[in-house]
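Okay, target.txt now, which holds compact mmCIF, C-alpha atoms:
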```txt
# COMPACT_ATOMS: atom_id res chain seq x y z
CA ASP A 1 -22.28 23.54 -24.10
CA GLN A 2 -23.22 27.12 -23.34
CA GLN A 3 -24.11 27.45 -19.69
CA VAL A 4 -24.92 31.16 -19.98
CA LYS A 5 -26.99 32.22 -22.95
CA GLN A 6 -27.80 35.65 -24.33
CA ASN A 7 -30.10 34.89 -27.22
CA SER A 8 -30.39 38.42 -28.57
CA PRO A 9 -27.19 39.46 -30.36
CA SER A 10 -28.40 43.05 -30.62
CA LEU A 11 -31.01 45.48 -29.31
CA SER A 12 -31.89 48.98 -30.47
CA VAL A 13 -33.88 51.44 -28.35
CA GLN A 14 -34.70 55.13 -28.36
CA GLU A 15 -33.10 57.50 -25.90
CA GLY A 16 -35.23 57.85 -22.78
CA ARG A 17 -36.93 54.50 -23.20
CA ILE A 18 -36.30 51.31 -21.27
CA SER A 19 -33.68 48.79 -22.41
CA ILE A 20 -34.21 45.19 -21.33
CA LEU A 21 -31.39 42.71 -21.84
CA ASN A 22 -32.03 39.05 -21.15
CA CYS A 23 -29.89 36.16 -20.02
CA ASP A 24 -30.62 32.48 -19.35
CA TYR A 25 -28.46 29.92 -17.60
CA THR A 26 -28.49 26.16 -17.37
CA ASN A 27 -26.14 25.39 -14.48
CA SER A 28 -28.18 25.26 -11.27
CA MET A 29 -24.95 25.58 -9.25
CA PHE A 30 -24.56 29.22 -10.30
CA ASP A 31 -25.43 31.45 -7.37
CA TYR A 32 -23.96 34.81 -8.33
CA PHE A 33 -24.71 36.76 -11.48
CA LEU A 34 -23.07 39.80 -12.96
CA TRP A 35 -23.44 42.17 -15.86
CA TYR A 36 -20.42 43.65 -17.57
CA LYS A 37 -20.39 46.43 -20.13
CA LYS A 38 -17.83 46.64 -22.91
CA TYR A 39 -16.94 49.51 -25.22
CA PRO A 40 -14.90 48.84 -28.39
CA ALA A 41 -11.15 48.42 -27.82
CA GLU A 42 -11.64 48.38 -24.06
CA GLY A 43 -11.91 45.58 -21.52
CA PRO A 44 -15.26 44.73 -19.91
CA THR A 45 -16.22 46.83 -16.89
CA PHE A 46 -18.37 45.61 -14.04
CA LEU A 47 -21.87 47.09 -13.99
CA ILE A 48 -24.10 45.36 -11.46
CA SER A 49 -24.49 42.00 -9.75
CA ILE A 50 -27.05 39.93 -7.88
CA SER A 51 -26.83 37.05 -5.47
CA SER A 52 -29.20 34.11 -5.79
CA ILE A 53 -30.70 34.97 -2.40
CA LYS A 54 -32.21 38.10 -3.96
CA ASP A 55 -34.59 38.61 -6.84
CA LYS A 56 -33.78 42.25 -7.54
CA ASN A 57 -30.86 44.63 -7.23
CA GLU A 58 -30.95 48.28 -8.19
CA ASP A 59 -28.19 50.79 -8.80
CA GLY A 60 -29.28 54.10 -10.24
CA ARG A 61 -30.65 53.57 -13.73
CA PHE A 62 -29.70 49.90 -13.71
CA THR A 63 -31.79 47.10 -12.20
CA VAL A 64 -31.13 43.39 -12.42
CA PHE A 65 -33.93 40.90 -11.88
CA LEU A 66 -33.38 37.22 -11.13
CA ASN A 67 -35.94 34.44 -11.60
CA LYS A 68 -34.28 31.34 -10.19
CA SER A 69 -37.09 28.95 -11.06
CA ALA A 70 -36.85 29.97 -14.71
CA LYS A 71 -33.05 30.28 -14.58
CA HIS A 72 -33.43 33.71 -16.11
CA LEU A 73 -32.11 37.16 -15.36
CA SER A 74 -32.59 40.49 -17.00
CA LEU A 75 -30.97 43.91 -16.92
CA HIS A 76 -33.21 46.97 -17.14
CA ILE A 77 -31.79 50.37 -18.02
CA VAL A 78 -34.15 53.28 -17.42
CA PRO A 79 -33.93 55.79 -18.96
CA SER A 80 -31.58 54.66 -21.71
CA GLN A 81 -28.91 57.13 -22.81
CA PRO A 82 -26.73 57.18 -25.95
CA GLY A 83 -23.67 56.61 -23.75
CA ASP A 84 -25.16 53.24 -22.76
CA SER A 85 -24.48 51.96 -26.28
CA ALA A 86 -22.09 49.05 -25.76
CA VAL A 87 -21.92 45.26 -25.62
CA TYR A 88 -23.42 43.87 -22.43
CA PHE A 89 -22.23 40.53 -21.11
CA CYS A 90 -24.08 38.41 -18.61
CA ALA A 91 -21.80 36.30 -16.39
CA ALA A 92 -22.33 33.74 -13.65
CA LYS A 93 -20.25 32.06 -11.00
CA VAL A 94 -20.41 29.46 -8.27
CA SER A 95 -19.56 30.99 -4.90
CA GLY A 96 -17.20 29.54 -2.36
CA GLY A 97 -13.65 28.25 -2.47
CA SER A 98 -10.79 30.03 -4.17
CA ASN A 99 -12.00 29.56 -7.75
CA TYR A 100 -13.57 32.83 -8.86
CA LYS A 101 -14.21 31.68 -12.43
CA LEU A 102 -16.80 33.69 -14.36
CA THR A 103 -18.77 32.03 -17.16
CA PHE A 104 -19.85 34.59 -19.73
CA GLY A 105 -22.60 34.73 -22.31
CA LYS A 106 -21.91 35.83 -25.87
CA GLY A 107 -23.07 39.38 -25.26
CA THR A 108 -25.79 41.69 -26.55
CA LEU A 109 -24.96 44.83 -28.50
CA LEU A 110 -27.16 47.66 -27.25
CA THR A 111 -27.61 50.72 -29.44
CA VAL A 112 -29.40 53.71 -27.95
CA ASN A 113 -30.51 56.12 -30.63
CA PRO A 114 -30.73 59.85 -29.86
CA GLU B 1 -5.54 54.10 -9.14
CA ALA B 2 -3.93 52.65 -12.26
CA GLY B 3 -5.89 49.94 -14.03
CA VAL B 4 -4.78 46.61 -15.44
CA ALA B 5 -2.08 47.14 -18.05
CA GLN B 6 -1.52 44.85 -21.01
CA SER B 7 0.94 44.82 -23.88
CA PRO B 8 1.15 44.67 -26.76
CA ARG B 9 -2.29 45.94 -27.79
CA TYR B 10 -2.12 44.29 -31.20
CA LYS B 11 -0.09 41.45 -32.64
CA ILE B 12 -0.07 39.80 -36.05
CA ILE B 13 1.88 36.59 -36.52
CA GLU B 14 1.96 33.64 -38.88
CA LYS B 15 0.79 30.21 -37.82
CA ARG B 16 3.41 28.09 -36.06
CA GLN B 17 5.13 31.20 -34.73
CA SER B 18 5.36 32.01 -31.03
CA VAL B 19 3.86 34.99 -29.22
CA ALA B 20 3.83 36.31 -25.67
CA PHE B 21 1.51 38.70 -23.88
CA TRP B 22 2.26 40.65 -20.74
CA CYS B 23 -0.07 41.78 -17.95
CA ASN B 24 0.47 44.04 -14.97
CA PRO B 25 -2.47 43.82 -12.54
CA ILE B 26 -3.79 46.50 -10.23
CA SER B 27 -1.41 47.00 -7.33
CA GLY B 28 -2.26 44.79 -4.38
CA HIS B 29 -4.49 42.42 -6.32
CA ALA B 30 -3.70 38.84 -5.39
CA THR B 31 -5.76 37.15 -8.10
CA LEU B 32 -4.97 37.37 -11.80
CA TYR B 33 -6.93 35.89 -14.70
CA TRP B 34 -6.29 35.34 -18.39
CA TYR B 35 -9.36 35.15 -20.64
CA GLN B 36 -9.64 34.39 -24.34
CA GLN B 37 -12.40 36.17 -26.26
CA ILE B 38 -13.02 34.87 -29.77
CA LEU B 39 -15.00 37.19 -32.05
CA GLY B 40 -18.71 36.90 -31.33
CA GLN B 41 -18.17 35.01 -28.09
CA GLY B 42 -17.94 35.96 -24.45
CA PRO B 43 -14.63 35.82 -22.61
CA LYS B 44 -13.52 32.31 -21.63
CA LEU B 45 -11.24 31.79 -18.63
CA LEU B 46 -7.92 30.22 -19.55
CA ILE B 47 -6.13 30.37 -16.21
CA GLN B 48 -6.51 31.89 -12.74
CA PHE B 49 -3.57 32.64 -10.42
CA GLN B 50 -3.80 33.30 -6.70
CA ASN B 51 -0.54 35.12 -5.98
CA ASN B 52 1.92 32.98 -7.94
CA GLY B 53 0.00 29.70 -7.65
CA VAL B 54 -2.40 28.30 -10.24
CA VAL B 55 -6.01 27.89 -9.04
CA ASP B 56 -7.68 26.85 -12.29
CA ASP B 57 -6.14 26.06 -15.67
CA SER B 58 -8.69 23.49 -16.77
CA GLN B 59 -9.44 25.33 -20.03
CA LEU B 60 -5.86 26.18 -20.94
CA PRO B 61 -4.66 24.20 -24.01
CA LYS B 62 -1.49 23.10 -22.30
CA ASP B 63 0.08 21.59 -25.41
CA ARG B 64 0.60 25.10 -26.80
CA PHE B 65 -0.32 27.64 -24.14
CA SER B 66 1.67 28.42 -21.01
CA ALA B 67 1.39 31.11 -18.39
CA GLU B 68 3.41 32.19 -15.42
CA ARG B 69 3.18 34.74 -12.66
CA LEU B 70 6.60 34.94 -11.12
CA LYS B 71 6.75 36.87 -7.82
CA GLY B 72 2.96 37.03 -7.75
CA VAL B 73 2.69 40.33 -9.65
CA ASP B 74 3.17 40.53 -13.44
CA SER B 75 2.13 37.66 -15.66
CA THR B 76 2.94 36.44 -19.15
CA LEU B 77 0.85 34.23 -21.40
CA LYS B 78 2.64 32.42 -24.22
CA ILE B 79 1.41 30.55 -27.26
CA GLN B 80 3.86 28.22 -29.01
CA PRO B 81 3.17 27.32 -31.78
CA ALA B 82 0.19 29.47 -32.73
CA LYS B 83 -2.72 28.15 -34.77
CA LEU B 84 -5.24 30.04 -36.88
CA GLU B 85 -7.97 29.40 -34.28
CA ASP B 86 -5.94 31.25 -31.64
CA SER B 87 -6.95 34.54 -33.27
CA ALA B 88 -8.79 36.31 -30.47
CA VAL B 89 -8.57 39.07 -27.89
CA TYR B 90 -6.63 37.99 -24.81
CA LEU B 91 -7.91 39.75 -21.72
CA CYS B 92 -6.14 39.98 -18.41
CA ALA B 93 -8.12 40.74 -15.26
CA SER B 94 -7.28 41.07 -11.59
CA SER B 95 -9.15 41.11 -8.30
CA LEU B 96 -8.28 41.55 -4.65
CA GLY B 97 -8.51 37.85 -3.85
CA PHE B 98 -10.62 38.32 -0.74
CA PRO B 99 -14.25 37.92 -1.83
CA SER B 100 -17.01 39.35 0.31
CA GLY B 101 -20.37 37.65 0.21
CA GLY B 102 -19.17 35.27 -2.46
CA PHE B 103 -18.29 38.00 -4.89
CA GLU B 104 -15.44 40.25 -5.79
CA THR B 105 -15.10 42.50 -8.79
CA GLN B 106 -12.76 41.48 -11.57
CA TYR B 107 -11.12 44.45 -13.28
CA PHE B 108 -10.19 43.91 -16.91
CA GLY B 109 -7.37 45.31 -18.97
CA PRO B 110 -7.89 46.57 -22.55
CA GLY B 111 -6.79 43.25 -24.04
CA THR B 112 -4.33 42.16 -26.70
CA ARG B 113 -5.83 41.53 -30.11
CA LEU B 114 -4.03 38.61 -31.79
CA LEU B 115 -4.37 37.76 -35.46
CA VAL B 116 -2.79 34.52 -36.68
CA LEU B 117 -2.34 34.32 -40.47
```
For the structure just supplied, provide its representation as structure tokens.
Amino acid sequence: DQQVKQNSPSLSVQEGRISILNCDYTNSMFDYFLWYKKYPAEGPTFLISISSIKDKNEDGRFTVFLNKSAKHLSLHIVPSQPGDSAVYFCAAKVSGGSNYKLTFGKGTLLTVNP
Amino acid sequence: EAGVAQSPRYKIIEKRQSVAFWCNPISGHATLYWYQQILGQGPKLLIQFQNNGVVDDSQLPKDRFSAERLKGVDSTLKIQPAKLEDSAVYLCASSLGFPSGGFETQYFGPGTRLLVL
């Protein structure tokens, strides 16, 4: 049972345009959400996160939006650059305690064309 | 600051053989994680250590997988015997172990790509 779903396996955008990556979750206990970026032959690297007490978090070209009622979050990249081409993973966790387990989606391959 | 180190980077074995992976976390990180990433899937947590104690191993197939973190630093993950479905990338990650605001960043190593024939 997939608790974190990324329904688009791939996305292709033009350089300079906006990239929007989507993520849905089913576990209402999740209260912290993260996006990781992964290049081939490398481990995932943390990109941006958002707590469930917020609906938006911005860091430079990257913005994450959270819609708790819809159990949906999205990552916006503006403007997109060729170096952003990578697999993006959405992840979620339940805060509190000593268990820091992340539940990941399957990932979306973003290709930014020059 | 050195990142999370893992070895080997690649391993090919035959089914029913044994294999071991090694991880050296970022210095000072109390928490260490092993994830399994099957092709086309996201990483799945196998086990989480806090120092040298196990916090969560609920998704570790304990009949064939074992992991240890002696002295609370390096860790090894072992598979014995391996099955075809164990073919995956095994990722090690570490974090400080003192979350702020319910969150702390997990830093991932490059992974070990295992192919079981």
Quick one: residues within 10 Å of Gln6 (chain B), all atoms listed in the file, excluding same-chain residues fewer than 3 positions away - as a PDB file with C-alpha atoms, in the coordinates of the input?
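Wrote it out as around-v2.pdb, contents follow:
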```
ATOM      1  CA  GLY B   3      -5.890  49.940 -14.030  1.00  0.00           C
ATOM      2  CA  ARG B   9      -2.290  45.940 -27.790  1.00  0.00           C
ATOM      3  CA  PHE B  21       1.510  38.700 -23.880  1.00  0.00           C
ATOM      4  CA  TRP B  22       2.260  40.650 -20.740  1.00  0.00           C
ATOM      5  CA  CYS B  23      -0.070  41.780 -17.950  1.00  0.00           C
ATOM      6  CA  ASN B  24       0.470  44.040 -14.970  1.00  0.00           C
ATOM      7  CA  PRO B  25      -2.470  43.820 -12.540  1.00  0.00           C
ATOM      8  CA  ASP B  74       3.170  40.530 -13.440  1.00  0.00           C
ATOM      9  CA  SER B  75       2.130  37.660 -15.660  1.00  0.00           C
ATOM     10  CA  THR B  76       2.940  36.440 -19.150  1.00  0.00           C
ATOM     11  CA  TYR B  90      -6.630  37.990 -24.810  1.00  0.00           C
ATOM     12  CA  LEU B  91      -7.910  39.750 -21.720  1.00  0.00           C
ATOM     13  CA  CYS B  92      -6.140  39.980 -18.410  1.00  0.00           C
ATOM     14  CA  ALA B  93      -8.120  40.740 -15.260  1.00  0.00           C
ATOM     15  CA  PHE B 108     -10.190  43.910 -16.910  1.00  0.00           C
ATOM     16  CA  GLY B 109      -7.370  45.310 -18.970  1.00  0.00           C
ATOM     17  CA  PRO B 110      -7.890  46.570 -22.550  1.00  0.00           C
ATOM     18  CA  GLY B 111      -6.790  43.250 -24.040  1.00  0.00           C
ATOM     19  CA  THR B 112      -4.330  42.160 -26.700  1.00  0.00           C
TER      20      THR B 112
END
```
Give me the chain B side of the contact with chain A, cut-off 8 Å, one line per residue showing its nearest atom pair and distance in Å at one decimal, counting all atoms listed in the file, sorted by chain and residue number, as JSON lines.
```
{"residue": "B:Gly40", "atom": "CA", "partner": "A:Lys106", "partner_atom": "CA", "distance": 6.4}
{"residue": "B:Gln41", "atom": "CA", "partner": "A:Lys106", "partner_atom": "CA", "distance": 4.4}
{"residue": "B:Gly42", "atom": "CA", "partner": "A:Lys106", "partner_atom": "CA", "distance": 4.2}
{"residue": "B:Pro43", "atom": "CA", "partner": "A:Phe104", "partner_atom": "CA", "distance": 6.1}
{"residue": "B:Lys44", "atom": "CA", "partner": "A:Thr103", "partner_atom": "CA", "distance": 6.9}
{"residue": "B:Leu45", "atom": "CA", "partner": "A:Lys101", "partner_atom": "CA", "distance": 6.9}
{"residue": "B:Gln48", "atom": "CA", "partner": "A:Lys101", "partner_atom": "CA", "distance": 7.7}
{"residue": "B:Val55", "atom": "CA", "partner": "A:Asn99", "partner_atom": "CA", "distance": 6.4}
{"residue": "B:Asp56", "atom": "CA", "partner": "A:Asn99", "partner_atom": "CA", "distance": 6.8}
{"residue": "B:Leu91", "atom": "CA", "partner": "A:Gly43", "partner_atom": "CA", "distance": 7.1}
{"residue": "B:Gly102", "atom": "CA", "partner": "A:Ser95", "partner_atom": "CA", "distance": 4.9}
{"residue": "B:Phe103", "atom": "CA", "partner": "A:Ser95", "partner_atom": "CA", "distance": 7.1}
{"residue": "B:Thr105", "atom": "CA", "partner": "A:Phe46", "partner_atom": "CA", "distance": 6.9}
{"residue": "B:Gln106", "atom": "CA", "partner": "A:Phe46", "partner_atom": "CA", "distance": 7.4}
{"residue": "B:Tyr107", "atom": "CA", "partner": "A:Thr45", "partner_atom": "CA", "distance": 6.7}
{"residue": "B:Phe108", "atom": "CA", "partner": "A:Gly43", "partner_atom": "CA", "distance": 5.2}
{"residue": "B:Gly109", "atom": "CA", "partner": "A:Gly43", "partner_atom": "CA", "distance": 5.2}
{"residue": "B:Pro110", "atom": "CA", "partner": "A:Gly43", "partner_atom": "CA", "distance": 4.3}
{"residue": "B:Gly111", "atom": "CA", "partner": "A:Gly43", "partner_atom": "CA", "distance": 6.2}
```
Within-9 Å shell of (-27.1, 28.1, -14.1) in input frame, all atoms listed in the file, as a PDB file with C-alpha atoms, keeping the file's coordinate frame:
```
ATOM      1  CA  GLN A   3     -24.110  27.450 -19.690  1.00  0.00           C
ATOM      2  CA  VAL A   4     -24.920  31.160 -19.980  1.00  0.00           C
ATOM      3  CA  ASP A  24     -30.620  32.480 -19.350  1.00  0.00           C
ATOM      4  CA  TYR A  25     -28.460  29.920 -17.600  1.00  0.00           C
ATOM      5  CA  THR A  26     -28.490  26.160 -17.370  1.00  0.00           C
ATOM      6  CA  ASN A  27     -26.140  25.390 -14.480  1.00  0.00           C
ATOM      7  CA  SER A  28     -28.180  25.260 -11.270  1.00  0.00           C
ATOM      8  CA  MET A  29     -24.950  25.580  -9.250  1.00  0.00           C
ATOM      9  CA  PHE A  30     -24.560  29.220 -10.300  1.00  0.00           C
ATOM     10  CA  ASP A  31     -25.430  31.450  -7.370  1.00  0.00           C
ATOM     11  CA  LYS A  68     -34.280  31.340 -10.190  1.00  0.00           C
ATOM     12  CA  LYS A  71     -33.050  30.280 -14.580  1.00  0.00           C
ATOM     13  CA  HIS A  72     -33.430  33.710 -16.110  1.00  0.00           C
ATOM     14  CA  ALA A  92     -22.330  33.740 -13.650  1.00  0.00           C
ATOM     15  CA  LYS A  93     -20.250  32.060 -11.000  1.00  0.00           C
ATOM     16  CA  VAL A  94     -20.410  29.460  -8.270  1.00  0.00           C
TER      17      VAL A  94
END
```
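The spacing separating CA of Pro114 (chain A) from CA of Thr63 (chain A) amounts to 21.8 Å.
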Leu109 (chain A) surroundings by only C-alpha atoms, 6 Å radius, close-in-sequence under 4 positions cut, as a PyMOL selection string
chain A and resi 10+86-87
